[in-house]
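Trainee: This is coords.json (JSON, C-alpha atoms).
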[["chain", "number", "residue", "atom", "x", "y", "z"],
["A", 1, "MET", "CA", -26.21, -10.87, -6.96],
["A", 2, "LEU", "CA", -25.96, -8.80, -10.12],
["A", 3, "ALA", "CA", -27.77, -5.90, -8.41],
["A", 4, "LEU", "CA", -25.24, -5.91, -5.57],
["A", 5, "ALA", "CA", -22.31, -5.92, -7.98],
["A", 6, "LEU", "CA", -23.85, -3.07, -9.95],
["A", 7, "ALA", "CA", -24.54, -1.06, -6.78],
["A", 8, "ALA", "CA", -20.93, -1.52, -5.65],
["A", 9, "ALA", "CA", -19.64, -0.45, -9.07],
["A", 10, "LEU", "CA", -21.78, 2.70, -9.03],
["A", 11, "GLN", "CA", -20.60, 3.90, -5.63],
["A", 12, "PRO", "CA", -18.30, 6.89, -5.94],
["A", 13, "ALA", "CA", -14.64, 6.13, -5.37],
["A", 14, "VAL", "CA", -13.10, 7.48, -2.18],
["A", 15, "PRO", "CA", -10.50, 10.05, -3.20],
["A", 16, "PRO", "CA", -6.87, 9.48, -2.20],
["A", 17, "ALA", "CA", -6.09, 10.95, 1.20],
["A", 18, "LEU", "CA", -3.00, 12.18, 3.01],
["A", 19, "GLU", "CA", -2.60, 10.89, 6.58],
["A", 20, "VAL", "CA", 0.02, 12.70, 8.66],
["A", 21, "GLU", "CA", 0.77, 12.06, 12.34],
["A", 22, "ARG", "CA", 3.31, 13.49, 14.76],
["A", 23, "ASP", "CA", 4.58, 11.26, 17.58],
["A", 24, "PRO", "CA", 3.75, 12.97, 20.92],
["A", 25, "ILE", "CA", 7.07, 11.94, 22.50],
["A", 26, "THR", "CA", 9.66, 12.12, 19.71],
["A", 27, "ASP", "CA", 7.92, 14.60, 17.36],
["A", 28, "ARG", "CA", 8.77, 12.29, 14.44],
["A", 29, "VAL", "CA", 6.31, 12.65, 11.61],
["A", 30, "SER", "CA", 4.77, 9.77, 9.66],
["A", 31, "ALA", "CA", 3.02, 10.51, 6.37],
["A", 32, "PHE", "CA", 1.07, 8.26, 4.02],
["A", 33, "ALA", "CA", -0.82, 8.67, 0.79],
["A", 34, "VAL", "CA", -3.77, 6.30, 1.21],
["A", 35, "ILE", "CA", -5.80, 4.87, -1.67],
["A", 36, "ARG", "CA", -8.82, 2.83, -0.58],
["A", 37, "ALA", "CA", -10.60, -0.04, -2.30],
["A", 38, "PRO", "CA", -13.28, -2.48, -1.06],
["A", 39, "GLN", "CA", -10.61, -5.18, -0.57],
["A", 40, "GLY", "CA", -8.26, -3.00, 1.48],
["A", 41, "ARG", "CA", -6.05, 0.03, 1.25],
["A", 42, "LEU", "CA", -2.76, 0.97, -0.36],
["A", 43, "ALA", "CA", -0.45, 3.19, 1.71],
["A", 44, "ILE", "CA", 2.64, 4.92, 0.34],
["A", 45, "GLY", "CA", 4.86, 6.79, 2.78],
["A", 46, "CYS", "CA", 6.96, 6.52, 5.90],
["A", 47, "ASP", "CA", 6.83, 5.87, 9.62],
["A", 48, "PRO", "CA", 10.27, 6.59, 11.14],
["A", 49, "GLN", "CA", 9.18, 5.06, 14.47],
["A", 50, "GLU", "CA", 8.77, 1.66, 12.77],
["A", 51, "TYR", "CA", 11.27, 1.51, 9.85],
["A", 52, "ASP", "CA", 13.66, 3.52, 7.67],
["A", 53, "GLY", "CA", 12.73, 4.98, 4.30],
["A", 54, "LEU", "CA", 9.63, 4.85, 2.15],
["A", 55, "ARG", "CA", 7.26, 1.91, 1.90],
["A", 56, "MET", "CA", 4.45, 0.77, -0.32],
["A", 57, "MET", "CA", 2.03, -1.30, 1.78],
["A", 58, "VAL", "CA", -1.25, -3.12, 1.25],
["A", 59, "HIS", "CA", -3.64, -3.62, 4.17],
["A", 60, "SER", "CA", -6.28, -6.30, 3.66],
["A", 61, "THR", "CA", -9.83, -5.95, 4.97],
["A", 62, "ARG", "CA", -10.75, -9.49, 3.94],
["A", 63, "GLY", "CA", -8.11, -11.85, 5.28],
["A", 64, "TRP", "CA", -4.58, -12.56, 6.43],
["A", 65, "PHE", "CA", -1.80, -12.85, 3.89],
["A", 66, "ALA", "CA", -0.16, -16.24, 3.42],
["A", 67, "ARG", "CA", 3.51, -16.63, 4.19],
["A", 68, "ALA", "CA", 5.61, -18.50, 1.68],
["A", 69, "GLU", "CA", 8.83, -18.54, 3.69],
["A", 70, "PHE", "CA", 8.42, -19.12, 7.41],
["A", 71, "VAL", "CA", 11.56, -17.30, 8.58],
["A", 72, "SER", "CA", 11.48, -14.29, 6.24],
["A", 73, "ARG", "CA", 7.66, -13.88, 6.22],
["A", 74, "ALA", "CA", 7.92, -13.12, 2.49],
["A", 75, "ARG", "CA", 6.01, -14.27, -0.56],
["A", 76, "ARG", "CA", 5.71, -13.25, -4.18],
["A", 77, "PHE", "CA", 2.81, -10.98, -5.18],
["A", 78, "THR", "CA", 1.83, -10.31, -8.77],
["A", 79, "PHE", "CA", 1.05, -6.71, -9.60],
["A", 80, "ARG", "CA", 0.14, -4.74, -12.70],
["A", 81, "PHE", "CA", 0.04, -1.00, -13.31],
["A", 82, "ASP", "CA", -2.52, 0.03, -15.93],
["A", 83, "ARG", "CA", -2.13, -2.21, -19.02],
["A", 84, "ALA", "CA", 1.56, -3.04, -18.44],
["A", 85, "ARG", "CA", 2.63, -6.65, -18.21],
["A", 86, "PRO", "CA", 2.15, -8.34, -14.81],
["A", 87, "VAL", "CA", 5.25, -8.57, -12.59],
["A", 88, "ARG", "CA", 5.98, -10.81, -9.59],
["A", 89, "VAL", "CA", 7.81, -9.20, -6.68],
["A", 90, "ARG", "CA", 8.73, -10.37, -3.20],
["A", 91, "TRP", "CA", 6.66, -8.71, -0.45],
["A", 92, "GLU", "CA", 7.06, -9.09, 3.30],
["A", 93, "THR", "CA", 3.89, -10.04, 5.17],
["A", 94, "SER", "CA", 2.54, -9.75, 8.68],
["A", 95, "ARG", "CA", -1.06, -10.79, 9.24],
["A", 96, "ARG", "CA", -3.21, -8.35, 7.23],
["A", 97, "THR", "CA", -0.34, -6.13, 6.01],
["A", 98, "ALA", "CA", 2.16, -6.65, 3.20],
["A", 99, "TRP", "CA", 4.93, -4.35, 1.97],
["A", 100, "VAL", "CA", 7.47, -4.39, -0.83],
["A", 101, "GLY", "CA", 10.60, -5.93, 0.72],
["A", 102, "SER", "CA", 13.30, -4.26, -1.37],
["A", 103, "PRO", "CA", 13.80, -0.49, -0.90],
["A", 104, "HIS", "CA", 14.96, -0.22, -4.53],
["A", 105, "THR", "CA", 11.88, -2.05, -5.85],
["A", 106, "ALA", "CA", 9.65, 0.01, -3.55],
["A", 107, "SER", "CA", 11.06, 3.27, -4.94],
["A", 108, "LEU", "CA", 10.51, 2.06, -8.52],
["A", 109, "MET", "CA", 6.93, 1.05, -7.71],
["A", 110, "ILE", "CA", 6.23, 4.35, -5.94],
["A", 111, "ALA", "CA", 7.54, 6.25, -8.97],
["A", 112, "ARG", "CA", 5.25, 4.21, -11.24],
["A", 113, "ALA", "CA", 2.29, 4.69, -8.87],
["A", 114, "ARG", "CA", 2.62, 8.45, -9.33],
["A", 115, "THR", "CA", 1.67, 8.20, -13.02],
["A", 116, "ALA", "CA", -0.63, 5.15, -13.01],
["A", 117, "GLN", "CA", -4.40, 5.18, -13.32],
["A", 118, "ARG", "CA", -4.88, 1.70, -11.86],
["A", 119, "LEU", "CA", -2.94, -0.82, -9.77],
["A", 120, "ALA", "CA", -3.97, -4.46, -9.47],
["A", 121, "ILE", "CA", -2.30, -6.82, -6.98],
["A", 122, "ARG", "CA", -2.90, -10.59, -6.70],
["A", 123, "THR", "CA", -1.77, -12.93, -3.94],
["A", 124, "LYS", "CA", -3.14, -15.69, -1.71],
["A", 125, "ASP", "CA", -4.62, -15.56, 1.74],
["A", 126, "PHE", "CA", -3.64, -17.69, 4.72],
["A", 127, "GLU", "CA", -5.98, -20.48, 3.55],
["A", 128, "GLY", "CA", -4.65, -20.50, -0.03],
["A", 129, "ARG", "CA", -7.52, -18.54, -1.62],
["A", 130, "GLU", "CA", -6.70, -16.00, -4.29],
["A", 131, "MET", "CA", -6.98, -12.36, -3.21],
["A", 132, "ASP", "CA", -7.20, -9.48, -5.70],
["A", 133, "PHE", "CA", -6.75, -5.82, -4.82],
["A", 134, "VAL", "CA", -7.64, -3.19, -7.43],
["A", 135, "PHE", "CA", -6.80, 0.43, -6.64],
["A", 136, "ASP", "CA", -8.02, 3.43, -8.63],
["A", 137, "MET", "CA", -4.89, 5.59, -8.77],
["A", 138, "ALA", "CA", -6.48, 8.48, -10.70],
["A", 139, "GLY", "CA", -5.79, 11.70, -8.85],
["A", 140, "ALA", "CA", -3.31, 10.08, -6.43],
["A", 141, "ARG", "CA", -0.17, 11.81, -7.74],
["A", 142, "PRO", "CA", -0.46, 15.06, -5.70],
["A", 143, "VAL", "CA", -1.13, 13.09, -2.51],
["A", 144, "ILE", "CA", 1.75, 10.67, -3.17],
["A", 145, "ASP", "CA", 4.06, 13.59, -3.96],
["A", 146, "GLU", "CA", 3.08, 15.33, -0.72],
["A", 147, "ALA", "CA", 3.61, 12.19, 1.41],
["A", 148, "VAL", "CA", 6.99, 11.48, -0.23],
["A", 149, "GLY", "CA", 7.98, 15.13, 0.19],
["A", 150, "ILE", "CA", 7.18, 15.04, 3.91],
["A", 151, "CYS", "CA", 9.05, 11.74, 4.32],
["A", 152, "THR", "CA", 12.17, 12.94, 2.52],
["A", 153, "GLY", "CA", 12.18, 16.39, 4.10],
["A", 154, "ALA", "CA", 11.65, 18.06, 0.73],
["A", 155, "PHE", "CA", 8.27, 19.39, 1.80],
["A", 156, "VAL", "CA", 7.10, 20.50, 5.22],
["A", 157, "PRO", "CA", 3.35, 21.09, 5.46],
["A", 158, "THR", "CA", 2.27, 24.35, 7.05],
["A", 159, "ALA", "CA", -0.02, 22.63, 9.54],
["A", 160, "LEU", "CA", 1.26, 19.39, 11.04],
["A", 161, "PRO", "CA", -0.83, 17.65, 13.66],
["A", 162, "ARG", "CA", -0.08, 18.94, 17.12],
["A", 163, "SER", "CA", 1.21, 16.53, 19.71]]
Let me see the file written as structure tokens.
Mentor:
Amino acid sequence: MLALALAAALQPAVPPALEVERDPITDRVSAFAVIRAPQGRLAIGCDPQEYDGLRMMVHSTRGWFARAEFVSRARRFTFRFDRARPVRVRWETSRRTAWVGSPHTASLMIARARTAQRLAIRTKDFEGREMDFVFDMAGARPVIDEAVGICTGAFVPTALPRS
């Protein structure tokens, strides 16, 4: 067991990536800065086909997120940037995906993600088990800035995916 944990810890981290797609019908562009971890992935960006504005989303590879409120599909997640104090915020959930529900809170968290070295998120899965997500944010700032720039129209990449 210890050997497996050590092997996982020694694997090189996957660098943050920019994922950009152009809709073949509407030509709308979605852009996300993606930070991967063994438990899932963190995506910061936009998809104008699905919603307005910027989002910070967590996609779980291990299980479905629990819903605290049946109608709103929301629950409180605890998160912590670097060594700051933990904070509880309401996130919307849908199966294996959760996103910060408030656009104002999302923009504050995205701004903090740009300067953070680490982001830890804790919640519960559908069966009530604790789920922890730990993202290495080192080197993510340029990718986050590029995704946000594409989403806000402040930056247009020279080579967008062709439809």
Trainee: Work out how far atom CA of A:Gly149 is from atom CA of A:Phe81, in Å to one decimal.
Mentor: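 It comes out at 22.5 Å.
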Trainee: Using only C-alpha atoms, which of the listed residues (A:Ile150, A:Leu108, A:Val87, A:Ala116) sits closest to A:Arg22?
Mentor: A:Ile150
Trainee: Between A:Glu146, A:Pro103, A:Ala120, A:Ser30, which has the minimum distance to A:Arg83 (counting all atoms listed in the file)?
Mentor: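 Selected residue with least distance to A:Arg83: A:Ala120.
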Trainee: In Å, rounded to a single decimal, give me how far atom CA of A:Met56 is from atom CA of A:Ala84.
Mentor: 18.7 Å
Trainee: Using atom CA of A:Asp27 and atom CA of A:Gly45 as the two end points, give the distance in Å to one decimal.
Mentor: 16.8 Å
Trainee: Using all atoms listed in the file, which protein or nucleic acid residues come within 6 Å of A:Met131? Drop anything in the same chain fewer than 3 positions from it, and give the result as number ranges by chain.
Mentor: A: 122-124
Trainee: Residues of the last selection are to be written out with C-alpha atoms, as a PDB file, keeping the file's coordinate frame.
Mentor:
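What follows is the written file out-v2.pdb:
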ATOM      1  CA  ARG A 122      -2.900 -10.590  -6.700  1.00  0.00           C
ATOM      2  CA  THR A 123      -1.770 -12.930  -3.940  1.00  0.00           C
ATOM      3  CA  LYS A 124      -3.140 -15.690  -1.710  1.00  0.00           C
TER       4      LYS A 124
END
Trainee: Starting from 4 Å padding per side, set up an axis-aligned box that covers all listed atoms of stretch 22-40 of chain A and hand over centre and edge lengths in Å, one decimal, as JSON.
Mentor:
{"center_x": -1.8, "center_y": 4.7, "center_z": 10.1, "size_x": 30.9, "size_y": 27.8, "size_z": 32.8}
Trainee: Got a sec to check which residues sit within 9 Å of (-9.0, -7.1, -10.7), counting only C-alpha atoms, and write them as an NGL selection string?
Mentor: :A and (119-122 or 132-135)
Trainee: List the spatial neighbours of A:Arg95 as a PDB file with C-alpha atoms, in the coordinates of the input - criterion: any atom at most 7 Å away, all atoms listed in the file, same-chain residues fewer than 2 positions off excluded.
Mentor:
ATOM      1  CA  TRP A  64      -4.580 -12.560   6.430  1.00  0.00           C
ATOM      2  CA  PHE A  65      -1.800 -12.850   3.890  1.00  0.00           C
ATOM      3  CA  THR A  93       3.890 -10.040   5.170  1.00  0.00           C
ATOM      4  CA  THR A  97      -0.340  -6.130   6.010  1.00  0.00           C
TER       5      THR A  97
END
